[in-house]
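Report on one structure; see the data block that follows.
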Amino acid sequence: MGFQIGNRRYIGSKKALVPWIVDNIPARHLTGTFFDAFAGTGIVSNAVAGKFQTLILNDLLYSNYSIYKGFFGTEDFDLNKLRPLIQIANNGVPAENYFGNSFGGKYFSHHDANLIGELRSQIDILFPDESDRHRQIAIASLLYSADRSAITVGHYEAYLKTGKNRPFSFDLIDPLIADVEVFREDANSLAKRIKSDVVYLDPPYNSRQYSRFYHVLETLTKWDEPELFGVALKPKPENLSDYSRSAAADSLADLVANLEAKFILISYNNTYNSKSSSSQNKITLDQIEEISHLKGKTNIVEKPHKHFNSGKTSFADHREYLFTIEVEN
């Protein structure tokens, strides 16, 4: 069995909360179209794939977009077509390349970084067609394999200078059959064109920009060989979310107001009191409650949940909240 969609390290992952989230969707709403506007790892959509006829996944990250295209779809595929990549991973002696020169000896060993770069180049050669699902399965498989071996605490804001090397091995994802639409757009703009039965919102709430935290995977996906800067070796900023800025509350209010749906779920957590300024939420609990009530009858449930900790931030009594809204016409 290959990688499952939840087999990755990701800030804010709802992997442990999925059953709780799904249980809070009333049975009468388990039909039609499910719109995951900030899909992240995609595991919430995966959990409801058998309950809705159509899934709509959206995220600003190129890497997440490719992961969705690899895992979800109705197109035929043959994993045997990816065997050349497995042979390269097992037997290849990679030459120096951009990925190895950039990230070798930092986020990965030199050999592993060069091997990852070689595999990414071979994907472009073997599967040049952007619409070929084999290409997306290959890229998603490489992203999961690389992330598993990265010498980090789960993101790419920094690498562990004294971290133990995790030897790289290339494994395939386990693709899923599901009727999906996948977007890589600003959620507020996309919402004005999407009509769905149920919407799930899990936007970023603090100042940490996901495109900066996962820049290595973004570079590996786009394969554009950008110039890198600083100790963390980041490219120039792009895909910055308004939800990580001071206008976050206004952005959420605009998004919720423009959603055309019957039922809305909004995930939230109480890190607005965090001692780390970068972890503090840009939207307060009172603000999100006010925004929800303007859309319809709102119920709020909560539960204790261990928060993501990069090793520097201490936060006690972390709680997850789920706002459920019965939309009023």
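Scheme for the structure tokens: letters A, B, ... for chains in order shown; per-chain residue numbers from 1; ligand numbers from 1 in order shown.
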
Would you pick out the contacts of segment 49-59 of chain A at 6 Å or less, using only C-alpha atoms, so that residues sharing its chain but fewer than 2 positions from it are not included, and give the list as JSON, numbers by chain? {"A": [30, 31, 32, 33, 34, 35, 36, 37, 38, 39, 45, 46, 47, 61, 179, 180, 181, 182, 183, 184]}

Long-range neighbours of segment 242-254 of chain A as a ChimeraX atom specification, 10 Å cut-off, only C-alpha atoms, 2 positions minimum in chain: /A:186-189,191,201,203-210,239-240,256-259,278,280-284,287-288,290-292,294-295

Would you put the residues from that selection into a file with N, CA and C atoms, as a short mmCIF file (atom, residue, chain, number, x, y, z; two decimals), in the first residue's frame?
```cif
data_model
loop_
_atom_site.label_atom_id
_atom_site.label_comp_id
_atom_site.auth_asym_id
_atom_site.auth_seq_id
_atom_site.Cartn_x
_atom_site.Cartn_y
_atom_site.Cartn_z
N ASP A 186 -7.65 32.32 -5.40
CA ASP A 186 -8.05 33.03 -4.20
C ASP A 186 -9.46 32.59 -3.83
N ALA A 187 -9.65 32.13 -2.60
CA ALA A 187 -10.94 31.56 -2.19
C ALA A 187 -12.07 32.57 -2.29
N ASN A 188 -11.79 33.83 -1.97
CA ASN A 188 -12.84 34.85 -2.02
C ASN A 188 -13.34 35.09 -3.43
N SER A 189 -12.44 35.05 -4.39
CA SER A 189 -12.85 35.21 -5.79
C SER A 189 -13.58 33.98 -6.29
N ALA A 191 -15.29 31.79 -4.60
CA ALA A 191 -16.59 31.61 -3.96
C ALA A 191 -17.72 32.28 -4.72
N LEU A 201 -14.62 25.62 5.58
CA LEU A 201 -13.62 26.68 5.59
C LEU A 201 -12.61 26.42 6.70
N PRO A 203 -9.35 28.46 6.86
CA PRO A 203 -8.32 29.38 6.38
C PRO A 203 -7.17 29.50 7.37
N PRO A 204 -6.02 30.00 6.90
CA PRO A 204 -4.96 30.31 7.86
C PRO A 204 -5.41 31.49 8.72
N TYR A 205 -5.03 31.50 9.98
CA TYR A 205 -5.48 32.58 10.86
C TYR A 205 -4.34 33.42 11.41
N ASN A 206 -3.11 32.91 11.38
CA ASN A 206 -2.02 33.70 11.93
C ASN A 206 -1.11 34.21 10.82
N SER A 207 -0.01 34.85 11.20
CA SER A 207 0.84 35.53 10.23
C SER A 207 1.73 34.59 9.44
N ARG A 208 1.72 33.31 9.76
CA ARG A 208 2.56 32.36 9.03
C ARG A 208 1.98 32.08 7.65
N GLN A 209 2.72 32.44 6.63
CA GLN A 209 2.27 32.24 5.26
C GLN A 209 2.65 30.83 4.81
N TYR A 210 1.66 30.06 4.36
CA TYR A 210 1.91 28.68 3.97
C TYR A 210 2.85 28.58 2.76
N ASN A 239 2.01 34.21 -3.67
CA ASN A 239 0.85 33.52 -3.11
C ASN A 239 0.65 33.82 -1.62
N LEU A 240 0.73 35.09 -1.27
CA LEU A 240 0.55 35.48 0.12
C LEU A 240 -0.94 35.65 0.42
N VAL A 256 -17.69 34.62 3.50
CA VAL A 256 -18.91 33.99 4.01
C VAL A 256 -20.15 34.63 3.39
N ALA A 257 -20.12 35.95 3.24
CA ALA A 257 -21.27 36.65 2.66
C ALA A 257 -21.55 36.19 1.23
N ASN A 258 -20.50 35.82 0.49
CA ASN A 258 -20.65 35.46 -0.93
C ASN A 258 -20.81 33.97 -1.17
N LEU A 259 -20.77 33.16 -0.12
CA LEU A 259 -20.95 31.72 -0.31
C LEU A 259 -22.40 31.40 -0.63
N SER A 278 3.76 35.32 15.97
CA SER A 278 3.47 34.72 14.68
C SER A 278 2.37 33.67 14.75
N GLN A 280 -0.32 34.08 16.82
CA GLN A 280 -1.56 34.73 17.26
C GLN A 280 -2.52 34.90 16.08
N ASN A 281 -3.76 34.54 16.30
CA ASN A 281 -4.76 34.64 15.25
C ASN A 281 -5.04 36.08 14.88
N LYS A 282 -5.34 36.29 13.59
CA LYS A 282 -5.69 37.60 13.10
C LYS A 282 -7.19 37.87 13.22
N ILE A 283 -7.94 36.84 13.59
CA ILE A 283 -9.39 36.98 13.80
C ILE A 283 -9.71 36.47 15.19
N THR A 284 -10.49 37.22 15.93
CA THR A 284 -10.85 36.78 17.27
C THR A 284 -12.08 35.88 17.22
N GLN A 287 -15.22 37.89 16.61
CA GLN A 287 -15.39 38.32 15.22
C GLN A 287 -15.94 37.21 14.35
N ILE A 288 -15.38 36.02 14.49
CA ILE A 288 -15.85 34.92 13.66
C ILE A 288 -17.28 34.52 14.03
N GLU A 290 -19.60 36.63 15.09
CA GLU A 290 -20.46 37.66 14.50
C GLU A 290 -20.64 37.44 13.00
N ILE A 291 -19.55 37.11 12.31
CA ILE A 291 -19.61 36.84 10.88
C ILE A 291 -20.53 35.66 10.59
N SER A 292 -20.44 34.62 11.41
CA SER A 292 -21.26 33.42 11.20
C SER A 292 -22.73 33.70 11.38
N LEU A 294 -24.37 36.35 10.91
CA LEU A 294 -24.94 37.14 9.82
C LEU A 294 -25.38 36.27 8.66
N LYS A 295 -24.82 35.06 8.56
CA LYS A 295 -25.15 34.18 7.44
C LYS A 295 -26.31 33.24 7.76
#
```

Set the distance at 12 Å and use only C-alpha atoms: which residues neighbour segment 94-109 of chain A once local chain neighbours fewer than 5 positions away are removed? I'd like the list as a PyMOL selection string. chain A and resi 88-89+114-122+145-168+214-217+219-221+223-235

What does the file look like for those residues with C-alpha atoms, as a CSV table (one decimal), in the first residue's frame?
```
chain,number,residue,atom,x,y,z
A,88,ILE,CA,15.9,5.5,-10.9
A,89,ALA,CA,15.3,6.0,-7.2
A,114,ASN,CA,20.3,15.4,-6.0
A,115,LEU,CA,18.2,12.2,-6.4
A,116,ILE,CA,15.1,14.2,-5.7
A,117,GLY,CA,16.1,16.7,-8.3
A,118,GLU,CA,16.9,13.9,-10.8
A,119,LEU,CA,13.5,12.3,-10.3
A,120,ARG,CA,11.7,15.6,-10.8
A,121,SER,CA,13.5,16.2,-14.1
A,122,GLN,CA,12.6,12.7,-15.2
A,145,SER,CA,8.6,10.9,-0.4
A,146,ALA,CA,10.7,14.0,-0.1
A,147,ASP,CA,8.7,15.4,2.8
A,148,ARG,CA,9.1,12.1,4.7
A,149,SER,CA,12.9,12.4,4.4
A,150,ALA,CA,13.3,16.2,5.0
A,151,ILE,CA,15.4,17.1,8.0
A,152,THR,CA,12.8,19.5,9.5
A,153,VAL,CA,10.2,19.7,12.2
A,154,GLY,CA,7.4,19.5,9.6
A,155,HIS,CA,7.8,22.7,7.6
A,156,TYR,CA,10.5,24.5,5.7
A,157,GLU,CA,10.9,27.7,7.7
A,158,ALA,CA,14.2,26.2,8.8
A,159,TYR,CA,16.1,22.9,8.7
A,160,LEU,CA,17.6,21.0,11.6
A,161,LYS,CA,21.3,21.7,11.6
A,162,THR,CA,21.9,18.8,14.0
A,163,GLY,CA,19.0,16.7,12.8
A,164,LYS,CA,19.3,13.0,12.0
A,165,ASN,CA,19.3,12.3,8.3
A,166,ARG,CA,16.2,10.4,7.1
A,167,PRO,CA,17.3,8.3,4.1
A,168,PHE,CA,15.2,9.1,1.0
A,214,TYR,CA,6.4,25.0,2.2
A,215,HIS,CA,8.6,26.8,-0.3
A,216,VAL,CA,10.8,23.8,-0.9
A,217,LEU,CA,7.8,21.7,-2.0
A,219,THR,CA,9.9,24.8,-5.9
A,220,LEU,CA,9.9,21.1,-6.4
A,221,THR,CA,6.4,21.2,-7.9
A,223,TRP,CA,10.5,23.2,-11.0
A,224,ASP,CA,11.3,26.8,-12.0
A,225,GLU,CA,14.7,27.0,-10.3
A,226,PRO,CA,14.2,30.3,-8.5
A,227,GLU,CA,16.9,32.4,-6.9
A,228,LEU,CA,16.9,31.7,-3.2
A,229,PHE,CA,17.6,34.0,-0.3
A,230,GLY,CA,18.4,33.8,3.4
A,231,VAL,CA,19.3,30.9,5.7
A,232,ALA,CA,16.0,29.1,4.9
A,233,LEU,CA,16.7,29.4,1.2
A,234,LYS,CA,13.4,30.9,0.2
A,235,PRO,CA,12.5,32.4,-3.2
```

List as number ranges by chain the protein and nucleic acid residues near Lys297 of chain A, meaning an atom at most 8 Å away when only C-alpha atoms are counted, but skip any in the same chain fewer than 2 places from it. A: 292-293, 295, 299, 325-328

Using DSSP assignments from the backbone, pull out every residue in segment 54-234 of chain A that falls under strand (DSSP E or B) and give it to me as a PyMOL selection string. chain A and resi 54-58+104+108+173+180-183+195+198-201+229+234

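Using only C-alpha atoms, the residues found no farther than 9 Å from Glu302 of chain A, other than those of its own chain fewer than 5 positions away, are A:Asn269, A:Arg319, A:Glu320, A:Tyr321, A:Leu322, A:Phe323.
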
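Within 7 Å of segment 62-72 of chain A, once only C-alpha atoms are used and residues closer than 2 positions along the same chain are dropped, the contacting residues are Gly40, Thr41, Gly42, Asp59, Leu60, Arg133, Gln136, Ile137, Ile139, Ala140, Pro175, Leu176, Ile177, Ala178, Val180, Arg184, Leu217, Glu218 and Thr221 of chain A.
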
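With only C-alpha atoms as the atoms that count, the residue of A:Val301, A:Met1, A:Leu79, A:Val199 with the shortest distance to Asn24 of chain A is A:Val301.
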
Counting only C-alpha atoms, what is within 9 Å of His29 of chain A, bar same-chain residues fewer than 4 positions away, as a ChimeraX atom specification? /A:25,197-198,262-263

Just C-alpha atoms for this one: save the residues we selected as a tab-separated table (two decimals), in the first residue's frame.
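Output (out00.tsv):
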```tsv
chain	number	residue	atom	x	y	z
A	25	ILE	CA	-22.52	17.66	9.20
A	197	ASP	CA	-24.47	22.24	-0.84
A	198	VAL	CA	-21.87	22.18	1.95
A	262	LYS	CA	-27.02	25.37	2.38
A	263	PHE	CA	-24.60	24.52	5.20
```

Pairwise distance for atom CA of Pro26 of chain A and atom CA of Ile11 of chain A, rounded to one decimal in Å: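 Going from atom CA of Pro26 of chain A over to atom CA of Ile11 of chain A covers 27.6 Å.
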
Using only C-alpha atoms, the best pick from A:Ser131, A:Trp20, A:Lys14, A:Phe170 as closest to Arg83 of chain A would be A:Phe170

Gap from atom CA of Leu255 of chain A to atom CA of Thr324 of chain A - Å, one decimal: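 Separating atom CA of Leu255 of chain A from atom CA of Thr324 of chain A is a distance of 15.3 Å.
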
Return the single residue from A:Asn90, A:Gln4, A:Thr74, A:Asn329 that is closest to Asp174 of chain A, with distances computed using only C-alpha atoms.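 Of A:Asn90, A:Gln4, A:Thr74, A:Asn329, the one nearest Asp174 of chain A is A:Gln4, counting only C-alpha atoms.
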
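Between Leu17 of chain A and the candidates A:Ile266, A:His110, A:Val93, A:Val44, the tightest atom-to-atom separation, counting only C-alpha atoms, involves A:Val44.
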
What gap, in Å, lies between atom CA of Asp202 of chain A and atom CA of Tyr268 of chain A? 7.1 Å
